[in-house]
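Trainee: I have a structure I would like to understand better, so I am pasting it below and will then ask my questions one at a time.
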Amino acid sequence: MKRFERFWSQGRHSKQAHRDLPEGTFEREMGRDGFDGPASHIYHPRPPTNWTSIDGPLKPRAFNLNMVEESANPFAVPTLLTSASLRIAYWQTSESMPHLVRDADGDELLFVHSGSMQFFCDYGHMEVDDGSYLVIPRGTMWRVETAGLLSVLLLSVAGDRFHEPTRGLLGRHALWDPGVLEYPKLNEQFRSQTDTPSSVLVRRREQLSTIHYDHNPLDAVGWKGDTVPVRLHVHDLLPINSHRYHLPPSVHATFECDAALVSTFVPRPFETDQTALKVPFFHNNDDIDEVIFYHAGNFFSRDAIETGCLTYHPSGLTHGPHPKALARMFEQPNDSTNEYAVMIDSREQLEVSTAALNDQIEIAGYDTSWRIDST
Ligand SMILES: [Fe+2]
């Protein structure tokens, strides 16, 4: 970690971050490298998100992904956010896929928001229900059957791999024990679908090609190895908590690749020390673009965000709790949070696609929804 080897300070400030704030102040963290690098804390008499308006393209944005049109082809759905390596999209379908797909550009990470899918791939079959992540290694052929509406957050990373998060001092079984990962099996469902003529839609360098077969290439009779699709359910996650200190969201890391950290918010107890912050602290996460997808429960730091919505907070802007949540900064009515959400911290700056800026999908007024009238 590169930093200056000393601290500087001025005026009123707390001794330790995220607790014992000087009276009447709001804390803002200026941080580097996610929450792992050099940081300063600045104490303001007004919430630092209390701007009146923003001119120009830089805005916090929110999208209602329930409005994304259905398609049976996950490679045909419009991309919402992109960077040099990352692609974030949302896939809704009520129909089973008519062909196989293969991403030759990099790994895919799916999060099933609603519905359940029968997943078939080179390695066999497994059921993937709502609340599940599915990591699909680059080059895997796969397709999905569904009996109802399926809604899936799609994250793909070019030239990179999704892997376990760095657990460091927490020990190798923290966050989630590798023993809970499920993988596809050469079971009866797999064997019963082996002889249908099939085609494979391959994505490589953003271009699509189709490989045709007179049989189904998902016809393995056996396999071995350590690159295989894996499933992880949010109910198997083990959240980390401190009763005295509001931990940064990166402590809820679930998967990682060079370009991004994927974390999951699941229910956890609130901090109990009276002077410890009980909502996220305001921060400029200056090396990170932050994306959150809201899966289930009550989102305690956001107003007017429903399940199936996605928020985008680019670097260059401060973000933090909405006014209603701010009122509960040191006192919460419940003992624990009740939210399930997926956070993607992108180390690359993201671009919002024209498909996402559609009036049907983008939620108007989100950029000024923190405003508290201070006159
Ligand atoms: Fe953040």
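To be explicit about the labels: the chains of the structure tokens are called A, B, and onward in the order shown, and within each one the residues are counted from 1, while ligands get numbers from 1 in the order they are shown.
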List every residue of chain A that has an atom at most 8 Å from any atom of ligand 1, giving for each one its closest atom pair and the distance in Å to one decimal, counting only C-alpha atoms and all ligand atoms, sorted by chain and then by ascending residue number, as JSON lines.
Mentor:
```
{"residue": "A:Pro249", "atom": "CA", "partner": "ligand 1", "partner_atom_place_in_ligand_line": "1 (Fe)", "distance": 7.4}
{"residue": "A:Phe282", "atom": "CA", "partner": "ligand 1", "partner_atom_place_in_ligand_line": "1 (Fe)", "distance": 7.8}
{"residue": "A:His283", "atom": "CA", "partner": "ligand 1", "partner_atom_place_in_ligand_line": "1 (Fe)", "distance": 6.5}
{"residue": "A:Asn284", "atom": "CA", "partner": "ligand 1", "partner_atom_place_in_ligand_line": "1 (Fe)", "distance": 7.5}
{"residue": "A:Asn285", "atom": "CA", "partner": "ligand 1", "partner_atom_place_in_ligand_line": "1 (Fe)", "distance": 6.3}
{"residue": "A:Glu290", "atom": "CA", "partner": "ligand 1", "partner_atom_place_in_ligand_line": "1 (Fe)", "distance": 6.0}
{"residue": "A:His313", "atom": "CA", "partner": "ligand 1", "partner_atom_place_in_ligand_line": "1 (Fe)", "distance": 7.4}
{"residue": "A:His319", "atom": "CA", "partner": "ligand 1", "partner_atom_place_in_ligand_line": "1 (Fe)", "distance": 6.3}
{"residue": "A:Gly320", "atom": "CA", "partner": "ligand 1", "partner_atom_place_in_ligand_line": "1 (Fe)", "distance": 6.9}
```
Trainee: Nearest to Gln189 of chain A: which of A:Asp226, A:Glu70, A:Glu306, A:Glu127 is it, counting only C-alpha atoms?
Mentor: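 Comparing A:Asp226, A:Glu70, A:Glu306, A:Glu127 against Gln189 of chain A, the winner is A:Glu127.
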Trainee: A:Pro47, A:Gly171, A:Gly106, A:Pro78: which is nearest Arg205 of chain A, counting only C-alpha atoms?
Mentor: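 Among the listed residues, A:Gly106 lies closest to Arg205 of chain A.
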Trainee: Which one is closest to Leu80 of chain A: A:Phe162, A:Arg143, A:Thr307, A:Glu351? Count only C-alpha atoms.
Mentor: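 Closest residue, counting only C-alpha atoms: A:Glu351.
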Trainee: Pick out each residue of segment 163-273 of chain A that DSSP on the backbone tags as helix (DSSP H, G or I); I need them as a VMD selection string.
Mentor: chain A and resid 168 to 170 178 to 180 188 to 191 234 to 236 249 to 252
Trainee: Please dump the current selection as a short mmCIF file (atom, residue, chain, number, x, y, z; two decimals), in the first residue's frame; keep N, CA, C and O atoms.
Mentor:
```
data_model
loop_
_atom_site.label_atom_id
_atom_site.label_comp_id
_atom_site.auth_asym_id
_atom_site.auth_seq_id
_atom_site.Cartn_x
_atom_site.Cartn_y
_atom_site.Cartn_z
N GLY A 168 -7.64 -12.96 4.20
CA GLY A 168 -6.62 -12.41 5.08
C GLY A 168 -6.77 -12.89 6.52
O GLY A 168 -6.88 -14.09 6.78
N LEU A 169 -6.80 -11.94 7.45
CA LEU A 169 -6.82 -12.27 8.88
C LEU A 169 -8.10 -12.97 9.31
O LEU A 169 -8.16 -13.54 10.40
N LEU A 170 -9.15 -12.91 8.49
CA LEU A 170 -10.41 -13.56 8.87
C LEU A 170 -10.30 -15.09 8.86
O LEU A 170 -11.10 -15.78 9.48
N PRO A 178 -15.66 -22.73 1.60
CA PRO A 178 -15.64 -23.34 0.26
C PRO A 178 -16.45 -24.64 0.19
O PRO A 178 -16.86 -25.05 -0.90
N GLY A 179 -16.73 -25.25 1.34
CA GLY A 179 -17.52 -26.48 1.35
C GLY A 179 -18.97 -26.30 0.89
O GLY A 179 -19.65 -27.29 0.61
N VAL A 180 -19.46 -25.04 0.82
CA VAL A 180 -20.86 -24.84 0.42
C VAL A 180 -21.02 -24.70 -1.10
O VAL A 180 -22.15 -24.64 -1.60
N GLU A 188 -29.45 -37.71 -14.22
CA GLU A 188 -30.47 -38.19 -15.16
C GLU A 188 -30.98 -37.06 -16.07
O GLU A 188 -31.18 -37.26 -17.26
N GLN A 189 -31.18 -35.86 -15.47
CA GLN A 189 -31.64 -34.71 -16.30
C GLN A 189 -30.62 -34.42 -17.41
O GLN A 189 -30.99 -34.11 -18.53
N PHE A 190 -29.34 -34.50 -17.08
CA PHE A 190 -28.30 -34.24 -18.09
C PHE A 190 -28.33 -35.30 -19.19
O PHE A 190 -28.34 -34.98 -20.37
N ARG A 191 -28.40 -36.57 -18.78
CA ARG A 191 -28.37 -37.66 -19.77
C ARG A 191 -29.61 -37.63 -20.67
O ARG A 191 -29.55 -37.96 -21.84
N VAL A 234 -27.04 -17.05 -1.23
CA VAL A 234 -26.86 -16.00 -0.21
C VAL A 234 -27.15 -16.53 1.20
O VAL A 234 -26.61 -16.01 2.18
N HIS A 235 -27.98 -17.57 1.32
CA HIS A 235 -28.28 -18.10 2.65
C HIS A 235 -27.05 -18.79 3.27
O HIS A 235 -27.04 -19.05 4.48
N ASP A 236 -26.05 -19.06 2.47
CA ASP A 236 -24.83 -19.69 2.99
C ASP A 236 -23.75 -18.67 3.35
O ASP A 236 -22.66 -19.05 3.79
N PRO A 249 -18.18 -1.68 3.51
CA PRO A 249 -18.92 -2.74 2.80
C PRO A 249 -18.03 -3.80 2.17
O PRO A 249 -18.48 -4.93 1.94
N SER A 250 -16.77 -3.47 1.93
CA SER A 250 -15.87 -4.45 1.31
C SER A 250 -15.65 -5.67 2.20
O SER A 250 -15.17 -6.70 1.73
N VAL A 251 -16.03 -5.57 3.48
CA VAL A 251 -15.88 -6.71 4.38
C VAL A 251 -16.90 -7.81 4.04
O VAL A 251 -16.80 -8.93 4.52
N HIS A 252 -17.89 -7.45 3.20
CA HIS A 252 -18.89 -8.43 2.79
C HIS A 252 -18.55 -9.01 1.41
O HIS A 252 -19.43 -9.43 0.66
#
```
Trainee: Within 10 Å of Thr82 of chain A, counting only C-alpha atoms, which residues show up once you throw out same-chain ones fewer than 6 positions away? Write them as an MDAnalysis selection string, please.
Mentor: chainID A and resid 88:89 155:157 346 348:353
Trainee: Which is closer to Thr368 of chain A than all the others in A:Met97, A:Phe299, A:Pro323, A:Phe293, using only C-alpha atoms?
Mentor: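 Under the stated criterion, the closest residue is A:Pro323.
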Trainee: From a DSSP pass on the backbone, collect the residues of segment 100-238 of chain A flagged as strand (DSSP E or B) and hand them back as a PDB file with N, CA and C atoms, in the first residue's frame.
Mentor:
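Generated output (selection.pdb):
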```
ATOM      1  N   LEU A 100     -27.250 -23.122 -27.127  1.00  0.00           N
ATOM      2  CA  LEU A 100     -26.201 -22.966 -26.118  1.00  0.00           C
ATOM      3  C   LEU A 100     -25.485 -21.633 -26.326  1.00  0.00           C
ATOM      4  N   VAL A 101     -24.829 -21.129 -25.281  1.00  0.00           N
ATOM      5  CA  VAL A 101     -23.967 -19.957 -25.426  1.00  0.00           C
ATOM      6  C   VAL A 101     -22.597 -20.287 -24.835  1.00  0.00           C
ATOM      7  N   ARG A 102     -21.601 -19.528 -25.265  1.00  0.00           N
ATOM      8  CA  ARG A 102     -20.232 -19.668 -24.741  1.00  0.00           C
ATOM      9  C   ARG A 102     -19.595 -18.286 -24.779  1.00  0.00           C
ATOM     10  N   ASP A 103     -19.086 -17.819 -23.655  1.00  0.00           N
ATOM     11  CA  ASP A 103     -18.403 -16.527 -23.618  1.00  0.00           C
ATOM     12  C   ASP A 103     -16.907 -16.780 -23.756  1.00  0.00           C
ATOM     13  N   GLY A 106     -14.372 -13.985 -21.448  1.00  0.00           N
ATOM     14  CA  GLY A 106     -14.007 -14.051 -20.035  1.00  0.00           C
ATOM     15  C   GLY A 106     -15.072 -14.761 -19.225  1.00  0.00           C
ATOM     16  N   ASP A 107     -14.891 -14.757 -17.899  1.00  0.00           N
ATOM     17  CA  ASP A 107     -15.843 -15.426 -17.008  1.00  0.00           C
ATOM     18  C   ASP A 107     -17.159 -14.659 -16.938  1.00  0.00           C
ATOM     19  N   GLU A 108     -18.204 -15.387 -16.569  1.00  0.00           N
ATOM     20  CA  GLU A 108     -19.498 -14.765 -16.305  1.00  0.00           C
ATOM     21  C   GLU A 108     -19.886 -15.047 -14.861  1.00  0.00           C
ATOM     22  N   LEU A 109     -20.543 -14.049 -14.255  1.00  0.00           N
ATOM     23  CA  LEU A 109     -21.095 -14.227 -12.905  1.00  0.00           C
ATOM     24  C   LEU A 109     -22.568 -13.868 -12.987  1.00  0.00           C
ATOM     25  N   LEU A 110     -23.434 -14.843 -12.702  1.00  0.00           N
ATOM     26  CA  LEU A 110     -24.881 -14.616 -12.739  1.00  0.00           C
ATOM     27  C   LEU A 110     -25.388 -14.528 -11.301  1.00  0.00           C
ATOM     28  N   PHE A 111     -26.331 -13.645 -11.061  1.00  0.00           N
ATOM     29  CA  PHE A 111     -27.044 -13.636  -9.780  1.00  0.00           C
ATOM     30  C   PHE A 111     -28.530 -13.745 -10.091  1.00  0.00           C
ATOM     31  N   VAL A 112     -29.158 -14.828  -9.619  1.00  0.00           N
ATOM     32  CA  VAL A 112     -30.573 -15.064  -9.917  1.00  0.00           C
ATOM     33  C   VAL A 112     -31.415 -14.268  -8.926  1.00  0.00           C
ATOM     34  N   HIS A 113     -32.097 -13.251  -9.432  1.00  0.00           N
ATOM     35  CA  HIS A 113     -32.932 -12.402  -8.566  1.00  0.00           C
ATOM     36  C   HIS A 113     -34.281 -13.056  -8.302  1.00  0.00           C
ATOM     37  N   SER A 114     -34.911 -13.602  -9.349  1.00  0.00           N
ATOM     38  CA  SER A 114     -36.198 -14.288  -9.134  1.00  0.00           C
ATOM     39  C   SER A 114     -36.344 -15.409 -10.143  1.00  0.00           C
ATOM     40  N   MET A 117     -33.809 -21.815 -12.370  1.00  0.00           N
ATOM     41  CA  MET A 117     -33.444 -22.298 -13.706  1.00  0.00           C
ATOM     42  C   MET A 117     -32.764 -23.661 -13.622  1.00  0.00           C
ATOM     43  N   GLN A 118     -33.026 -24.462 -14.640  1.00  0.00           N
ATOM     44  CA  GLN A 118     -32.302 -25.716 -14.816  1.00  0.00           C
ATOM     45  C   GLN A 118     -31.109 -25.379 -15.691  1.00  0.00           C
ATOM     46  N   PHE A 119     -29.920 -25.532 -15.138  1.00  0.00           N
ATOM     47  CA  PHE A 119     -28.687 -25.115 -15.803  1.00  0.00           C
ATOM     48  C   PHE A 119     -27.982 -26.346 -16.369  1.00  0.00           C
ATOM     49  N   PHE A 120     -27.757 -26.348 -17.682  1.00  0.00           N
ATOM     50  CA  PHE A 120     -27.050 -27.441 -18.360  1.00  0.00           C
ATOM     51  C   PHE A 120     -25.753 -26.883 -18.940  1.00  0.00           C
ATOM     52  N   CYS A 121     -24.645 -27.617 -18.756  1.00  0.00           N
ATOM     53  CA  CYS A 121     -23.359 -27.146 -19.277  1.00  0.00           C
ATOM     54  C   CYS A 121     -22.462 -28.346 -19.567  1.00  0.00           C
ATOM     55  N   GLY A 124     -22.476 -30.993 -16.781  1.00  0.00           N
ATOM     56  CA  GLY A 124     -23.669 -31.645 -16.268  1.00  0.00           C
ATOM     57  C   GLY A 124     -24.807 -30.672 -16.023  1.00  0.00           C
ATOM     58  N   HIS A 125     -25.629 -30.998 -15.037  1.00  0.00           N
ATOM     59  CA  HIS A 125     -26.848 -30.227 -14.755  1.00  0.00           C
ATOM     60  C   HIS A 125     -26.885 -29.845 -13.280  1.00  0.00           C
ATOM     61  N   MET A 126     -27.448 -28.677 -12.978  1.00  0.00           N
ATOM     62  CA  MET A 126     -27.835 -28.367 -11.597  1.00  0.00           C
ATOM     63  C   MET A 126     -28.947 -27.329 -11.617  1.00  0.00           C
ATOM     64  N   GLU A 127     -29.749 -27.354 -10.568  1.00  0.00           N
ATOM     65  CA  GLU A 127     -30.805 -26.345 -10.438  1.00  0.00           C
ATOM     66  C   GLU A 127     -30.201 -25.125  -9.750  1.00  0.00           C
ATOM     67  N   VAL A 128     -30.578 -23.945 -10.217  1.00  0.00           N
ATOM     68  CA  VAL A 128     -30.069 -22.702  -9.624  1.00  0.00           C
ATOM     69  C   VAL A 128     -31.283 -21.844  -9.285  1.00  0.00           C
ATOM     70  N   SER A 132     -29.197 -17.186  -5.727  1.00  0.00           N
ATOM     71  CA  SER A 132     -27.955 -17.914  -6.007  1.00  0.00           C
ATOM     72  C   SER A 132     -27.056 -17.126  -6.951  1.00  0.00           C
ATOM     73  N   TYR A 133     -25.760 -17.206  -6.677  1.00  0.00           N
ATOM     74  CA  TYR A 133     -24.747 -16.803  -7.650  1.00  0.00           C
ATOM     75  C   TYR A 133     -24.352 -18.035  -8.453  1.00  0.00           C
ATOM     76  N   LEU A 134     -23.976 -17.809  -9.704  1.00  0.00           N
ATOM     77  CA  LEU A 134     -23.427 -18.871 -10.532  1.00  0.00           C
ATOM     78  C   LEU A 134     -22.205 -18.301 -11.257  1.00  0.00           C
ATOM     79  N   VAL A 135     -21.042 -18.872 -10.993  1.00  0.00           N
ATOM     80  CA  VAL A 135     -19.815 -18.465 -11.692  1.00  0.00           C
ATOM     81  C   VAL A 135     -19.609 -19.431 -12.850  1.00  0.00           C
ATOM     82  N   ILE A 136     -19.518 -18.897 -14.067  1.00  0.00           N
ATOM     83  CA  ILE A 136     -19.338 -19.740 -15.252  1.00  0.00           C
ATOM     84  C   ILE A 136     -17.968 -19.414 -15.864  1.00  0.00           C
ATOM     85  N   MET A 141     -19.725 -24.066 -22.330  1.00  0.00           N
ATOM     86  CA  MET A 141     -20.991 -24.036 -23.088  1.00  0.00           C
ATOM     87  C   MET A 141     -22.120 -24.255 -22.099  1.00  0.00           C
ATOM     88  N   TRP A 142     -23.187 -23.464 -22.225  1.00  0.00           N
ATOM     89  CA  TRP A 142     -24.289 -23.621 -21.278  1.00  0.00           C
ATOM     90  C   TRP A 142     -25.616 -23.165 -21.878  1.00  0.00           C
ATOM     91  N   ARG A 143     -26.685 -23.648 -21.281  1.00  0.00           N
ATOM     92  CA  ARG A 143     -28.035 -23.173 -21.599  1.00  0.00           C
ATOM     93  C   ARG A 143     -28.889 -23.353 -20.359  1.00  0.00           C
ATOM     94  N   VAL A 144     -30.072 -22.734 -20.406  1.00  0.00           N
ATOM     95  CA  VAL A 144     -30.950 -22.706 -19.244  1.00  0.00           C
ATOM     96  C   VAL A 144     -32.360 -23.066 -19.672  1.00  0.00           C
ATOM     97  N   GLU A 145     -33.030 -23.883 -18.865  1.00  0.00           N
ATOM     98  CA  GLU A 145     -34.467 -24.114 -19.042  1.00  0.00           C
ATOM     99  C   GLU A 145     -35.188 -23.478 -17.867  1.00  0.00           C
ATOM    100  N   LEU A 150     -37.816 -15.659 -15.268  1.00  0.00           N
ATOM    101  CA  LEU A 150     -36.486 -15.728 -14.671  1.00  0.00           C
ATOM    102  C   LEU A 150     -35.855 -14.341 -14.806  1.00  0.00           C
ATOM    103  N   SER A 151     -35.324 -13.807 -13.708  1.00  0.00           N
ATOM    104  CA  SER A 151     -34.663 -12.495 -13.754  1.00  0.00           C
ATOM    105  C   SER A 151     -33.263 -12.641 -13.181  1.00  0.00           C
ATOM    106  N   VAL A 152     -32.262 -12.255 -13.969  1.00  0.00           N
ATOM    107  CA  VAL A 152     -30.869 -12.545 -13.622  1.00  0.00           C
ATOM    108  C   VAL A 152     -29.989 -11.320 -13.873  1.00  0.00           C
ATOM    109  N   LEU A 153     -29.195 -10.951 -12.866  1.00  0.00           N
ATOM    110  CA  LEU A 153     -28.162  -9.928 -13.060  1.00  0.00           C
ATOM    111  C   LEU A 153     -26.949 -10.611 -13.687  1.00  0.00           C
ATOM    112  N   LEU A 154     -26.452 -10.054 -14.801  1.00  0.00           N
ATOM    113  CA  LEU A 154     -25.333 -10.658 -15.537  1.00  0.00           C
ATOM    114  C   LEU A 154     -24.100  -9.760 -15.415  1.00  0.00           C
ATOM    115  N   LEU A 155     -23.022 -10.330 -14.942  1.00  0.00           N
ATOM    116  CA  LEU A 155     -21.755  -9.597 -14.888  1.00  0.00           C
ATOM    117  C   LEU A 155     -20.725 -10.430 -15.630  1.00  0.00           C
ATOM    118  N   SER A 156     -20.068  -9.847 -16.620  1.00  0.00           N
ATOM    119  CA  SER A 156     -19.010 -10.598 -17.301  1.00  0.00           C
ATOM    120  C   SER A 156     -17.734  -9.771 -17.291  1.00  0.00           C
ATOM    121  N   VAL A 157     -16.605 -10.478 -17.297  1.00  0.00           N
ATOM    122  CA  VAL A 157     -15.323  -9.800 -17.197  1.00  0.00           C
ATOM    123  C   VAL A 157     -14.399 -10.349 -18.282  1.00  0.00           C
ATOM    124  N   ALA A 158     -13.940  -9.471 -19.158  1.00  0.00           N
ATOM    125  CA  ALA A 158     -13.101  -9.914 -20.274  1.00  0.00           C
ATOM    126  C   ALA A 158     -11.675 -10.160 -19.803  1.00  0.00           C
ATOM    127  N   HIS A 163     -12.921 -15.261  -8.677  1.00  0.00           N
ATOM    128  CA  HIS A 163     -12.382 -16.233  -7.723  1.00  0.00           C
ATOM    129  C   HIS A 163     -12.832 -15.864  -6.321  1.00  0.00           C
ATOM    130  N   LEU A 175     -16.600 -15.605   5.692  1.00  0.00           N
ATOM    131  CA  LEU A 175     -17.443 -15.063   4.602  1.00  0.00           C
ATOM    132  C   LEU A 175     -18.309 -16.166   3.992  1.00  0.00           C
ATOM    133  N   GLU A 182     -21.631 -25.560  -4.763  1.00  0.00           N
ATOM    134  CA  GLU A 182     -22.236 -26.692  -5.492  1.00  0.00           C
ATOM    135  C   GLU A 182     -21.759 -26.646  -6.936  1.00  0.00           C
ATOM    136  N   LYS A 185     -23.744 -31.861 -12.047  1.00  0.00           N
ATOM    137  CA  LYS A 185     -23.564 -33.315 -11.966  1.00  0.00           C
ATOM    138  C   LYS A 185     -24.026 -33.969 -13.271  1.00  0.00           C
ATOM    139  N   SER A 199     -27.023 -25.699 -31.536  1.00  0.00           N
ATOM    140  CA  SER A 199     -26.056 -24.711 -31.998  1.00  0.00           C
ATOM    141  C   SER A 199     -25.529 -23.953 -30.785  1.00  0.00           C
ATOM    142  N   VAL A 200     -24.329 -23.408 -30.940  1.00  0.00           N
ATOM    143  CA  VAL A 200     -23.677 -22.687 -29.846  1.00  0.00           C
ATOM    144  C   VAL A 200     -23.373 -21.269 -30.311  1.00  0.00           C
ATOM    145  N   LEU A 201     -23.915 -20.298 -29.609  1.00  0.00           N
ATOM    146  CA  LEU A 201     -23.656 -18.888 -29.906  1.00  0.00           C
ATOM    147  C   LEU A 201     -22.423 -18.485 -29.104  1.00  0.00           C
ATOM    148  N   VAL A 202     -21.353 -18.110 -29.798  1.00  0.00           N
ATOM    149  CA  VAL A 202     -20.084 -17.781 -29.127  1.00  0.00           C
ATOM    150  C   VAL A 202     -19.847 -16.282 -29.207  1.00  0.00           C
ATOM    151  N   ARG A 203     -19.523 -15.693 -28.045  1.00  0.00           N
ATOM    152  CA  ARG A 203     -19.173 -14.260 -28.022  1.00  0.00           C
ATOM    153  C   ARG A 203     -17.653 -14.140 -27.874  1.00  0.00           C
ATOM    154  N   ARG A 204     -17.035 -13.484 -28.847  1.00  0.00           N
ATOM    155  CA  ARG A 204     -15.591 -13.259 -28.783  1.00  0.00           C
ATOM    156  C   ARG A 204     -15.284 -11.868 -29.332  1.00  0.00           C
ATOM    157  N   GLN A 207     -18.070  -9.907 -30.715  1.00  0.00           N
ATOM    158  CA  GLN A 207     -18.777 -10.369 -31.917  1.00  0.00           C
ATOM    159  C   GLN A 207     -19.370 -11.752 -31.664  1.00  0.00           C
ATOM    160  N   LEU A 208     -20.504 -12.025 -32.329  1.00  0.00           N
ATOM    161  CA  LEU A 208     -21.184 -13.310 -32.129  1.00  0.00           C
ATOM    162  C   LEU A 208     -21.014 -14.197 -33.354  1.00  0.00           C
ATOM    163  N   SER A 209     -20.717 -15.478 -33.111  1.00  0.00           N
ATOM    164  CA  SER A 209     -20.662 -16.495 -34.167  1.00  0.00           C
ATOM    165  C   SER A 209     -21.478 -17.683 -33.694  1.00  0.00           C
ATOM    166  N   THR A 210     -21.966 -18.483 -34.657  1.00  0.00           N
ATOM    167  CA  THR A 210     -22.765 -19.655 -34.260  1.00  0.00           C
ATOM    168  C   THR A 210     -22.100 -20.924 -34.783  1.00  0.00           C
ATOM    169  N   ILE A 211     -21.867 -21.881 -33.906  1.00  0.00           N
ATOM    170  CA  ILE A 211     -21.320 -23.186 -34.277  1.00  0.00           C
ATOM    171  C   ILE A 211     -22.491 -24.174 -34.287  1.00  0.00           C
ATOM    172  N   HIS A 212     -22.664 -24.867 -35.429  1.00  0.00           N
ATOM    173  CA  HIS A 212     -23.803 -25.786 -35.554  1.00  0.00           C
ATOM    174  C   HIS A 212     -23.343 -27.237 -35.380  1.00  0.00           C
ATOM    175  N   VAL A 230     -19.657 -22.954 -10.555  1.00  0.00           N
ATOM    176  CA  VAL A 230     -20.026 -23.184  -9.148  1.00  0.00           C
ATOM    177  C   VAL A 230     -21.184 -22.276  -8.759  1.00  0.00           C
ATOM    178  N   ARG A 231     -21.978 -22.790  -7.829  1.00  0.00           N
ATOM    179  CA  ARG A 231     -23.164 -22.074  -7.327  1.00  0.00           C
ATOM    180  C   ARG A 231     -22.962 -21.761  -5.846  1.00  0.00           C
ATOM    181  N   LEU A 232     -23.342 -20.552  -5.463  1.00  0.00           N
ATOM    182  CA  LEU A 232     -23.255 -20.137  -4.057  1.00  0.00           C
ATOM    183  C   LEU A 232     -24.543 -19.389  -3.722  1.00  0.00           C
ATOM    184  N   HIS A 233     -25.242 -19.817  -2.665  1.00  0.00           N
ATOM    185  CA  HIS A 233     -26.509 -19.174  -2.301  1.00  0.00           C
ATOM    186  C   HIS A 233     -26.292 -18.151  -1.181  1.00  0.00           C
ATOM    187  N   LEU A 238     -21.799 -15.769   5.471  1.00  0.00           N
ATOM    188  CA  LEU A 238     -21.553 -15.604   6.907  1.00  0.00           C
ATOM    189  C   LEU A 238     -21.068 -14.179   7.146  1.00  0.00           C
TER     190      LEU A 238
END
```
Trainee: Nearest residue to Glu95 of chain A out of A:Gly148, A:Pro48, A:Pro137, A:Pro239, using only C-alpha atoms?
Mentor: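 Smallest separation from Glu95 of chain A among the options: A:Gly148.
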